[in-house]
Structures are given as structure tokens and as C-alpha cells.
Amino acid sequence: MINYTVDQQIAIISWAMTSSPMNVLNDESIPEFEAALQRAFTDESVKGLIITSAKPEFVAGADLKMILRANDKPPAEMLKVSSELNRVFRSIETSGKPTVAAINGTALGGGYEICLACHHRVALNNPKTVIGLVEVTIGLLPGAGGTQRLPRMIGIQAALPLILEGRKVSVQEAKNLGMIDDIADTPDEMMAQARAWIDANGTSAGQKPLKPWDEIDRKTGKIVGKDNFKVPGGNVQSPVGAQTFAAGTAMLMDKTKGNYPAPLEIMACVYEGLQVNIDRALMIEARHFVKVATSKVAKNLIQTMFLGMNEANKGASRPKDYPKTDVKKLGILGAGMMGAGIAYVSAQTGIEVILKDVSVEAAEKGKDYSRNLLKKGVERGKVDPAKVDGILNLIKPTADVQDLQGCDLIIEAVFENRELKAQVTREAEPMLAENGLGVFGSNTSTLPISGLAQASGKPENFIGIHFFSPVDKMMLVEIIMGQQTSDYALAVAIDFTRKIRKTPIVVNDARGFYTSRCFSTYSSEGMELLKEGVNPILIENAGKDAGMPVGPLAVTDEVALDLVYKITGQGIKDGAVREDDTSYQVARTFVELGRTGKKAKAGFYDYQDDRSKKLWPGLQDLFPQAEQQPTLDEVKTRLLYRQAIEAVRCFEENVVRTKLDADLGSILAWGFPAYTGGAVSFVDFVGVDTFVKTLDRLADQYGDRFLPTAALRERAQV
């Protein structure tokens, strides 16, 4: 697990864990790592240490399952986790022997905190390597010295954004920022540089290596924290420091709305810790770490956004009885925004794409989407210019259905019209490769897959593959199983989704499926509030304060009011929606006024450009504001509970198959607040008793749409 060798008086401690895919700090590795360190510290023949890895990565961070186990125990258990690591890492700094981190691959979180504790850092120039303190992205703060050592190394202004955003940087950027000291082009060169630094700075050179924040106690001869250390660029109480913390705290409150405790705790931790010596600072950090690590928010983010996401990305919902499939040739019907986006992400992973539309000109316009994205990527340094032509050459625009011959998978992405979808299905499906995978997918967001499959000659190989716009940025793909869809088709769809680096969730066929059905309740409740005379500013602010990306009226403008009108109108025809439905009535009014949303530069908002909008003054005439306005908390409650109860209904009705898929889908598809763990986990976040009691109150005041299910009542026993 931790290899130990001594070569030319230098101890080489190499991480090589066999119990997990990557090196992680956990209950097994930490004691072994400490034992190896102590062995080197106490061996008088050892003049220095090199810490490296025998795996492609350095150390990926702490084992989050260890954090979750401690989360369910008294806070003292979590304090023990942080204190143990701090003790081990501090021993590196104070051993008196020079220690170099030879960073051969990715070093994140606790892995980079090991590097920070070392006296020197040499990184291998590997394009795949990323370095950073990423704890905030899962609701934590660095609990092994990261909040204290990095600002002391590179200054408050440079360090805070890295910690607060959980930024991962390349080797070269890490060098430019001062996060590492040297870069090596080969593993041998990396080790040679590490050895050379030890030779020049070790005890044999007549000195003890000291961090800038440390000094040697004259009485004991031991290395201790320096009380008067000056932070590069200015201490906390300097004008620069005061401005950084004042402005930073205000910006964090505006961004997080107070829903995520970790960023604010990081600010407090850095502010307090930099005013004392490193030893006391580490104790301060440990207390702040315990506070966030034992919170519901951290538990939810770890369970859903890290462990759950990893599980989904590995294909947890994939049927196990089918060998892995590989889509090599993909057909796309419709070169609009969705089809063009699917073509782009597919070509990026080496898939040959046939992009078909009614004319070559229309198909070429779809390919332009990829051209423009790649051009921007090159300009921003995110795309290798040498790869652009290769990606574009994989996309063939066409109007000829024969060009689809031999496709492993065909996805139709035409307008949401049953007749049109049936027509293109009958036309294109025979082009699927006879000896290939032979699956046909529909990128529909609302139309039932079982109905669309009636146009297919092989309904068992017909499946819903619902992307979200813009495809290049949205990570979720909702895979929909029709009544006749086979597990084989599901396996192909999941393999394809994983190949293009998207996160799949699997749902069963139903009106609106899962994401569209639940997402519509957010905009719908916004319109209910507007109809009741609630101030639209209050509605929008409540949505954002609750943790949604934008307010319900703004997001309805993004979706388009004419689309809401069309979908609810179809629901009325199908008997699933009542004609007095508020969404239908409000959308119809706006469509008749020609205010169809952002695309028309007029909806609930007036739009000057993509970034500038203001609420339409005419809302006051259509929906006069009531004299008595609800509280902000009441509006937030209505918006969140309306979404959550619909998600629970979908889960209980087996529309969405697993709780994880329900939670991930809610966060990734329509932006349900991640701090809650997701729309179904929201029940546990607030407590099932509270959830049911609140729903009953809301139902009494605002309507049966809030009524809890029988299963919820049984769980709560209310």
C-alpha cells in the first residue's frame, strides 16, 4: 500500500494502494503513511525523503466514504480525522529532514495537502495532471492544512479563489501560481530534481529545512510556528486583506444565498488562522472542518454529487447481461440546435456522425455549430488546434437518407411533432447496420416513447435518448424505456452516453417522463403565484434564494411560452390537463400578446440583449399585486415543495427507477438545489414529518397539487 525504500540515503515513500482504484487517504493508508514517515525520520542514515506514487495519479484526496462514516457519529469522530492528518502532515514540516513531493500525476484535496506540507514540490509535466483543493465542491473545506498553508505560500488574494471555487489547475498554471516549485519533463528527471534539492537543503548541508512560517525554538531546538509571520502580499489586517475579506464575504453571500456553509467557513477559517501561528491555525481549521463535515449539506453533496455521480457514470443502471457495445457510426436526424449539439459532443469522442436535414444547406448550418465551438475553444486555449480538422471531418452534413446506411445508432432530433417523428423514423430506420447495434433513439422531451415506437419496425430497439440544451454544457442524458424497449437497447444507449462523457439516468415511459414533468412544476408554481398577485420580484428572488439557478418566470421565458402553451394544450386534448390550468391560461395570454419569451425578446421580461433584461411593466396590469404579500420564506417553500412532491410521485409511480436517478436528474436537468441532495432526498433533508405537515398546510391554503402521497403519510405516520 505504501512502499518504502532507501536509495543513497534518501527514503522514497511511494503510494501504491491496492484496495482502491486510486491512492486515497483512509483508515488504512494514513497509519501506513505515518509509519513510513516515522521510519525515515528516526533512521539516522536517511538524510531526506521523497514522497511520490507508483500509480498514474499522485493522491486523489480523502476517501469520502470515511468522511460519511464519521458524519453519522459524534463530532469528536470527525475532529479525530482532521487532527490525525494535521499531526501527520505537521510532522513532515518539523522533522528536520528535507522532504520533497514528487508529483507524478493528479494531486487533489488531501493529496495536494501532502504536497503543501512538504518543503519542496516537483511535478511531472503531464497534460492529464490537475492540482488543487477541491473540497468545497462537495461541501467540505480542506481539513489537513490547506486553508492555512496555501495562503501563507502564495498570498491571500491568489489562494482564496482557488480554495473557494475548488479550482483544478494544470501543472504549468500551478507553477505560475506558486503552488509547485519545479516542473520535470520525465519521471527520471522529476526524481533527479527532488534528490538535488535534498542534497542542497538537507542536514548534510548544515541546516534544517524550514518553512517560512516556522522557526527553531532557541530553548528546545525544535521547529515551531512563527508568531510574527508575514503573509505574502499582505496580512489579514492590511488594507489588501481587509478589502479581500469584506468584498469576498459579500460576493459569497450573493452567490450561495447562505445555502452552502463551506465557502463562508473557508473565509472565516483563513481570516482567523492567518492571525496566529501555524500550529494554532491548524487547530482553528480542524474546528471549521468539523462544522461543515458534520452538516447535512456535506453529506448530501458527497452522497449525490460525488459517490452517486460516480456510480451513475460507471453505468449503474446498465443491464449486466450484455457485453459492452461501441457506437462507431451515428446518424442524427435534424441539424437544429439539439442535433448540432449531439453531433459536436459525439465527434469529439471519435464517433463518425452523419448529420441529416432536409437540405445540405441546413445540415451545413448545423455543422457550423461545431465549427464555432471549436474556434472558441482554440481561442481560449482549451482545444488543440491540431485536432480541429479531425473532429470536423467526422461530421458529414447530408440531405440523402442513404448516407445513414450502416449506422450503429440513429437519433432523431426533429420538431416535437408525432407525425413528423413517425415519418423520419420509417424513412431512416432501415438504414441501420444489419450486423451493427441497430438501435433507434428519439430525442423527445415530452412525447411518450411507446407511442413514437409504433412507427418503428423494431419497437424493442426503439428508445428515448433525451438530451438537454445546450448539449455541449449539459451533462445529463435522460434515457426513456418504452413499453416494448429491450434491455439490449438500454445497454447500447447507456454505453453511448458514457462514451460521449455524459451522465445517464433511466426512466420509464410517461407523459413528460421525469425531468420535463417535474421541471414544469417550478415554472407552473411561479405562474400560480403571479396569478395570486404576488410581486414578480419577490417570486424571482425567492426562486434564486432557494438555490435555483434562475427565477421561475425567467426560466419560463427561456423555455418559451409558446412551447408551454403547445404542450399544455396537447395535454388538454389528451385529457391529462384541465382547461383551467393556470400554466395554459397564462401561456395562452402571452402568446396572444406576441410575448413568447426570450427568443422574441418579450415574455415575462423585456430583453435588450442576452445579458440585459427587466421585468415587463405590463405584468402589473395583467396580474395586479395583492395588498397582502407572502413572506420570502413562504414563496421559497411553495417553489421547492411543489417540485419535490412531484419528484416523489414520479419515484413512487416508477416513472424514475431509482432514488439516485431522481436526485441526479433533478440537479443536473433543471437545477434543483444540490445542497438538499436532490428532489427526492429533499424529503430527508427537511425531515419526512416536516415534509408531510408542510404539504398538508400548503394543500389547505393553495390546492390539492401539494397533497402528500399515501406512502409519505405512512412513513411520517402523520
# chains A, B, ... in the order shown; residues from 1 in each chain; ligands from 1
$ residues_around --residues "Glu429 in chain A" --least-positions-apart "5" --cutoff "9 Å" --atoms "only C-alpha atoms" --output "list of chain:residue names"
A:Ile410, A:Val424, A:Gly438, A:Val439, A:Phe440, A:Ser456, A:Gly457, A:Lys458
$ residues_around --residues "Ile51 in chain A" --least-positions-apart "3" --cutoff "7 Å" --atoms "only C-alpha atoms" --output "VMD selection string"
chain A and resid 12 to 14 100 to 102
$ write_last_selection --atoms "N, CA and C atoms" --output "mmCIF file, in the first residue's frame"
data_model
loop_
_atom_site.group_PDB
_atom_site.id
_atom_site.type_symbol
_atom_site.label_atom_id
_atom_site.label_comp_id
_atom_site.auth_asym_id
_atom_site.auth_seq_id
_atom_site.Cartn_x
_atom_site.Cartn_y
_atom_site.Cartn_z
ATOM 1 N N ILE A 12 12.460 6.837 -0.077
ATOM 2 C CA ILE A 12 11.433 7.069 -1.101
ATOM 3 C C ILE A 12 10.148 6.384 -0.629
ATOM 4 N N ILE A 13 9.160 7.209 -0.333
ATOM 5 C CA ILE A 13 7.856 6.718 0.131
ATOM 6 C C ILE A 13 6.892 6.825 -1.034
ATOM 7 N N SER A 14 6.480 5.680 -1.550
ATOM 8 C CA SER A 14 5.680 5.647 -2.775
ATOM 9 C C SER A 14 4.292 5.066 -2.496
ATOM 10 N N VAL A 100 10.534 16.189 -0.133
ATOM 11 C CA VAL A 100 10.096 16.700 -1.435
ATOM 12 C C VAL A 100 8.924 15.861 -1.935
ATOM 13 N N ALA A 101 7.895 16.540 -2.443
ATOM 14 C CA ALA A 101 6.790 15.848 -3.108
ATOM 15 C C ALA A 101 7.132 15.738 -4.584
ATOM 16 N N ALA A 102 7.256 14.516 -5.068
ATOM 17 C CA ALA A 102 7.478 14.271 -6.495
ATOM 18 C C ALA A 102 6.119 13.918 -7.086
#
$ select_by_dssp --residues "range 346-492 of chain A" --states "strand (DSSP E)" --output "short mmCIF file (atom, residue, chain, number, x, y, z; two decimals) with N, CA and C atoms, in the first residue's frame"
data_model
loop_
_atom_site.label_atom_id
_atom_site.label_comp_id
_atom_site.auth_asym_id
_atom_site.auth_seq_id
_atom_site.Cartn_x
_atom_site.Cartn_y
_atom_site.Cartn_z
N GLU A 352 -18.00 8.70 -35.88
CA GLU A 352 -18.37 9.22 -37.20
C GLU A 352 -19.84 9.62 -37.16
N VAL A 353 -20.15 10.85 -37.58
CA VAL A 353 -21.50 11.39 -37.46
C VAL A 353 -22.05 11.75 -38.84
N ILE A 354 -23.25 11.24 -39.15
CA ILE A 354 -23.97 11.65 -40.35
C ILE A 354 -25.08 12.59 -39.89
N LEU A 355 -24.94 13.86 -40.23
CA LEU A 355 -25.89 14.88 -39.79
C LEU A 355 -26.85 15.20 -40.93
N LYS A 356 -28.08 14.69 -40.83
CA LYS A 356 -29.04 14.82 -41.93
C LYS A 356 -30.11 15.86 -41.63
N ILE A 395 -17.84 14.79 -39.02
CA ILE A 395 -19.24 15.20 -39.18
C ILE A 395 -19.55 15.40 -40.67
N LYS A 396 -20.45 14.58 -41.20
CA LYS A 396 -20.81 14.68 -42.62
C LYS A 396 -22.24 15.22 -42.75
N PRO A 397 -22.39 16.47 -43.22
CA PRO A 397 -23.74 17.02 -43.44
C PRO A 397 -24.34 16.41 -44.71
N THR A 398 -25.63 16.11 -44.69
CA THR A 398 -26.27 15.50 -45.86
C THR A 398 -27.77 15.72 -45.84
N LEU A 409 -26.28 3.50 -34.51
CA LEU A 409 -27.33 4.18 -33.75
C LEU A 409 -27.80 5.39 -34.54
N ILE A 410 -29.11 5.58 -34.61
CA ILE A 410 -29.67 6.78 -35.23
C ILE A 410 -30.52 7.49 -34.17
N ILE A 411 -30.32 8.79 -34.04
CA ILE A 411 -31.11 9.59 -33.10
C ILE A 411 -31.86 10.65 -33.87
N GLU A 412 -33.19 10.64 -33.75
CA GLU A 412 -33.95 11.72 -34.39
C GLU A 412 -34.08 12.88 -33.41
N VAL A 439 -29.93 0.26 -33.12
CA VAL A 439 -30.84 0.91 -32.17
C VAL A 439 -31.24 2.28 -32.70
N PHE A 440 -32.52 2.63 -32.50
CA PHE A 440 -33.06 3.92 -32.94
C PHE A 440 -33.48 4.70 -31.70
N GLY A 441 -33.00 5.93 -31.59
CA GLY A 441 -33.32 6.75 -30.43
C GLY A 441 -34.09 8.00 -30.81
N SER A 442 -34.94 8.44 -29.89
CA SER A 442 -35.70 9.68 -30.09
C SER A 442 -35.30 10.69 -29.03
N PHE A 462 -36.24 0.51 -30.03
CA PHE A 462 -36.59 1.94 -30.06
C PHE A 462 -36.55 2.46 -28.63
N ILE A 463 -35.81 3.56 -28.41
CA ILE A 463 -35.59 4.06 -27.05
C ILE A 463 -35.53 5.58 -27.05
N GLY A 464 -35.88 6.20 -25.95
CA GLY A 464 -35.76 7.65 -25.80
C GLY A 464 -34.38 8.03 -25.31
N ILE A 465 -33.75 8.98 -25.99
CA ILE A 465 -32.43 9.48 -25.56
C ILE A 465 -32.56 11.01 -25.52
N HIS A 466 -32.94 11.51 -24.35
CA HIS A 466 -33.31 12.92 -24.19
C HIS A 466 -32.11 13.74 -23.72
N LEU A 476 -26.37 15.86 -18.37
CA LEU A 476 -27.35 14.79 -18.19
C LEU A 476 -27.92 14.30 -19.51
N VAL A 477 -28.19 12.99 -19.58
CA VAL A 477 -28.99 12.40 -20.65
C VAL A 477 -30.06 11.53 -19.98
N GLU A 478 -31.31 11.82 -20.28
CA GLU A 478 -32.44 11.05 -19.73
C GLU A 478 -32.82 9.97 -20.74
N ILE A 479 -32.60 8.72 -20.36
CA ILE A 479 -32.89 7.59 -21.24
C ILE A 479 -34.25 7.03 -20.88
N ILE A 480 -35.14 6.94 -21.88
CA ILE A 480 -36.53 6.57 -21.60
C ILE A 480 -36.86 5.21 -22.20
N MET A 481 -37.35 4.33 -21.34
CA MET A 481 -37.74 2.99 -21.76
C MET A 481 -39.22 2.97 -22.14
#
$ closest_residue --among "A:Lys387, A:Lys296, A:Lys219, A:Arg280" --to "Gly139 in chain A" --atoms "only C-alpha atoms"
A:Lys296
$ residues_around --residues "range 643-654 of chain A" --least-positions-apart "5" --cutoff "6 Å" --atoms "only C-alpha atoms" --output "PyMOL selection string"
chain A and resi 518+521+679-680
$ closest_atom_pairs --of "range 298-409 of chain A" --to "range 504-514 of chain A" --cutoff "9 Å" --atoms "only C-alpha atoms" --output "JSON lines"
{"residue": "A:Ala312", "atom": "CA", "partner": "A:Pro504", "partner_atom": "CA", "distance": 6.5}
{"residue": "A:Asn313", "atom": "CA", "partner": "A:Pro504", "partner_atom": "CA", "distance": 6.9}
{"residue": "A:Gly315", "atom": "CA", "partner": "A:Pro504", "partner_atom": "CA", "distance": 7.6}
{"residue": "A:Ser317", "atom": "CA", "partner": "A:Val506", "partner_atom": "CA", "distance": 6.9}
{"residue": "A:Arg318", "atom": "CA", "partner": "A:Val506", "partner_atom": "CA", "distance": 8.9}
$ closest_residue --among "A:Ser370, A:Gln423, A:Thr596, A:Asn259" --to "Tyr675 in chain A" --atoms "only C-alpha atoms"
A:Asn259
$ closest_residue --among "A:Leu160, A:Ala144, A:Ser450, A:Gly178" --to "Leu264 in chain A" --atoms "only C-alpha atoms"
A:Leu160
$ closest_residue --among "A:Asp700, A:Asp357, A:Glu592, A:Glu579" --to "Asp562 in chain A" --atoms "only C-alpha atoms"
A:Glu592
$ decode --residues "range 608-622 of chain A" --atoms "all heavy atoms" --output "mmCIF file, in the first residue's frame"
data_model
loop_
_atom_site.group_PDB
_atom_site.id
_atom_site.type_symbol
_atom_site.label_atom_id
_atom_site.label_comp_id
_atom_site.auth_asym_id
_atom_site.auth_seq_id
_atom_site.Cartn_x
_atom_site.Cartn_y
_atom_site.Cartn_z
ATOM 1 N N GLN A 608 -33.122 43.396 -23.685
ATOM 2 C CA GLN A 608 -32.327 44.290 -24.526
ATOM 3 C C GLN A 608 -31.337 43.468 -25.344
ATOM 4 O O GLN A 608 -31.139 43.686 -26.512
ATOM 5 C CB GLN A 608 -31.573 45.304 -23.648
ATOM 6 C CG GLN A 608 -32.468 46.129 -22.742
ATOM 7 C CD GLN A 608 -33.490 46.938 -23.503
ATOM 8 O OE1 GLN A 608 -33.169 47.520 -24.548
ATOM 9 N NE2 GLN A 608 -34.721 46.973 -23.012
ATOM 10 N N ASP A 609 -30.702 42.494 -24.656
ATOM 11 C CA ASP A 609 -29.779 41.568 -25.300
ATOM 12 C C ASP A 609 -29.739 40.317 -24.440
ATOM 13 O O ASP A 609 -30.563 40.139 -23.536
ATOM 14 C CB ASP A 609 -28.381 42.192 -25.452
ATOM 15 C CG ASP A 609 -27.861 42.777 -24.145
ATOM 16 O OD1 ASP A 609 -27.919 42.073 -23.112
ATOM 17 O OD2 ASP A 609 -27.398 43.933 -24.149
ATOM 18 N N ASP A 610 -28.770 39.435 -24.705
ATOM 19 C CA ASP A 610 -28.699 38.159 -23.978
ATOM 20 C C ASP A 610 -28.484 38.335 -22.481
ATOM 21 O O ASP A 610 -28.878 37.489 -21.680
ATOM 22 C CB ASP A 610 -27.581 37.280 -24.556
ATOM 23 C CG ASP A 610 -27.980 36.657 -25.883
ATOM 24 O OD1 ASP A 610 -29.179 36.672 -26.191
ATOM 25 O OD2 ASP A 610 -27.086 36.182 -26.605
ATOM 26 N N ARG A 611 -27.844 39.427 -22.097
ATOM 27 C CA ARG A 611 -27.492 39.598 -20.687
ATOM 28 C C ARG A 611 -28.353 40.636 -19.970
ATOM 29 O O ARG A 611 -28.311 40.731 -18.752
ATOM 30 C CB ARG A 611 -26.015 39.998 -20.573
ATOM 31 C CG ARG A 611 -25.060 38.916 -21.060
ATOM 32 C CD ARG A 611 -23.618 39.315 -20.817
ATOM 33 N NE ARG A 611 -22.692 38.279 -21.240
ATOM 34 C CZ ARG A 611 -21.379 38.380 -21.126
ATOM 35 N NH1 ARG A 611 -20.840 39.468 -20.602
ATOM 36 N NH2 ARG A 611 -20.599 37.391 -21.535
ATOM 37 N N SER A 612 -29.073 41.438 -20.699
ATOM 38 C CA SER A 612 -29.817 42.541 -20.093
ATOM 39 C C SER A 612 -31.318 42.306 -20.217
ATOM 40 O O SER A 612 -31.850 42.186 -21.316
ATOM 41 C CB SER A 612 -29.426 43.860 -20.777
ATOM 42 O OG SER A 612 -30.180 44.921 -20.266
ATOM 43 N N LYS A 613 -31.978 42.224 -19.068
ATOM 44 C CA LYS A 613 -33.430 42.047 -19.080
ATOM 45 C C LYS A 613 -34.030 42.725 -17.860
ATOM 46 O O LYS A 613 -33.361 42.934 -16.843
ATOM 47 C CB LYS A 613 -33.795 40.564 -19.084
ATOM 48 C CG LYS A 613 -33.446 39.783 -17.816
ATOM 49 C CD LYS A 613 -33.921 38.336 -17.927
ATOM 50 C CE LYS A 613 -33.747 37.558 -16.631
ATOM 51 N NZ LYS A 613 -32.350 37.266 -16.329
ATOM 52 N N LYS A 614 -35.300 43.079 -17.969
ATOM 53 C CA LYS A 614 -36.032 43.637 -16.828
ATOM 54 C C LYS A 614 -37.485 43.182 -16.919
ATOM 55 O O LYS A 614 -38.015 42.952 -18.013
ATOM 56 C CB LYS A 614 -35.931 45.164 -16.809
ATOM 57 C CG LYS A 614 -36.502 45.858 -18.034
ATOM 58 C CD LYS A 614 -36.335 47.373 -17.928
ATOM 59 C CE LYS A 614 -36.920 48.069 -19.172
ATOM 60 N NZ LYS A 614 -36.796 49.539 -19.081
ATOM 61 N N LEU A 615 -38.110 43.014 -15.768
ATOM 62 C CA LEU A 615 -39.492 42.550 -15.744
ATOM 63 C C LEU A 615 -40.395 43.499 -16.528
ATOM 64 O O LEU A 615 -40.266 44.723 -16.449
ATOM 65 C CB LEU A 615 -39.979 42.428 -14.299
ATOM 66 C CG LEU A 615 -39.487 41.184 -13.540
ATOM 67 C CD1 LEU A 615 -39.650 41.376 -12.037
ATOM 68 C CD2 LEU A 615 -40.239 39.940 -14.006
ATOM 69 N N TRP A 616 -41.296 42.918 -17.297
ATOM 70 C CA TRP A 616 -42.203 43.693 -18.145
ATOM 71 C C TRP A 616 -43.165 44.490 -17.268
ATOM 72 O O TRP A 616 -43.871 43.915 -16.417
ATOM 73 C CB TRP A 616 -42.970 42.720 -19.047
ATOM 74 C CG TRP A 616 -43.984 43.375 -19.943
ATOM 75 C CD1 TRP A 616 -43.838 44.506 -20.664
ATOM 76 C CD2 TRP A 616 -45.305 42.897 -20.209
ATOM 77 N NE1 TRP A 616 -44.973 44.785 -21.378
ATOM 78 C CE2 TRP A 616 -45.894 43.804 -21.108
ATOM 79 C CE3 TRP A 616 -46.035 41.787 -19.766
ATOM 80 C CZ2 TRP A 616 -47.197 43.646 -21.588
ATOM 81 C CZ3 TRP A 616 -47.326 41.617 -20.242
ATOM 82 C CH2 TRP A 616 -47.897 42.540 -21.143
ATOM 83 N N PRO A 617 -43.222 45.815 -17.440
ATOM 84 C CA PRO A 617 -44.131 46.640 -16.627
ATOM 85 C C PRO A 617 -45.598 46.233 -16.773
ATOM 86 O O PRO A 617 -46.402 46.440 -15.857
ATOM 87 C CB PRO A 617 -43.889 48.061 -17.170
ATOM 88 C CG PRO A 617 -42.530 48.016 -17.782
ATOM 89 C CD PRO A 617 -42.385 46.638 -18.345
ATOM 90 N N GLY A 618 -45.945 45.635 -17.930
ATOM 91 C CA GLY A 618 -47.335 45.245 -18.165
ATOM 92 C C GLY A 618 -47.830 44.131 -17.260
ATOM 93 O O GLY A 618 -49.043 43.848 -17.204
ATOM 94 N N LEU A 619 -46.932 43.465 -16.534
ATOM 95 C CA LEU A 619 -47.366 42.419 -15.604
ATOM 96 C C LEU A 619 -48.320 42.971 -14.555
ATOM 97 O O LEU A 619 -49.246 42.282 -14.108
ATOM 98 C CB LEU A 619 -46.150 41.794 -14.906
ATOM 99 C CG LEU A 619 -45.229 40.910 -15.744
ATOM 100 C CD1 LEU A 619 -44.025 40.465 -14.925
ATOM 101 C CD2 LEU A 619 -45.982 39.695 -16.267
ATOM 102 N N GLN A 620 -48.095 44.230 -14.163
ATOM 103 C CA GLN A 620 -48.952 44.850 -13.151
ATOM 104 C C GLN A 620 -50.396 44.961 -13.630
ATOM 105 O O GLN A 620 -51.342 44.801 -12.851
ATOM 106 C CB GLN A 620 -48.394 46.238 -12.797
ATOM 107 C CG GLN A 620 -49.253 47.051 -11.844
ATOM 108 C CD GLN A 620 -49.372 46.424 -10.467
ATOM 109 O OE1 GLN A 620 -48.447 45.775 -9.997
ATOM 110 N NE2 GLN A 620 -50.524 46.601 -9.830
ATOM 111 N N ASP A 621 -50.569 45.200 -14.927
ATOM 112 C CA ASP A 621 -51.927 45.316 -15.470
ATOM 113 C C ASP A 621 -52.600 43.956 -15.585
ATOM 114 O O ASP A 621 -53.802 43.819 -15.312
ATOM 115 C CB ASP A 621 -51.881 45.991 -16.851
ATOM 116 C CG ASP A 621 -51.312 47.403 -16.782
ATOM 117 O OD1 ASP A 621 -51.579 48.098 -15.776
ATOM 118 O OD2 ASP A 621 -50.586 47.804 -17.710
ATOM 119 N N LEU A 622 -51.844 42.957 -16.008
ATOM 120 C CA LEU A 622 -52.413 41.611 -16.158
ATOM 121 C C LEU A 622 -52.641 40.931 -14.814
ATOM 122 O O LEU A 622 -53.631 40.207 -14.629
ATOM 123 C CB LEU A 622 -51.468 40.738 -17.001
ATOM 124 C CG LEU A 622 -51.447 40.969 -18.509
ATOM 125 C CD1 LEU A 622 -50.403 40.065 -19.154
ATOM 126 C CD2 LEU A 622 -52.815 40.697 -19.115
#
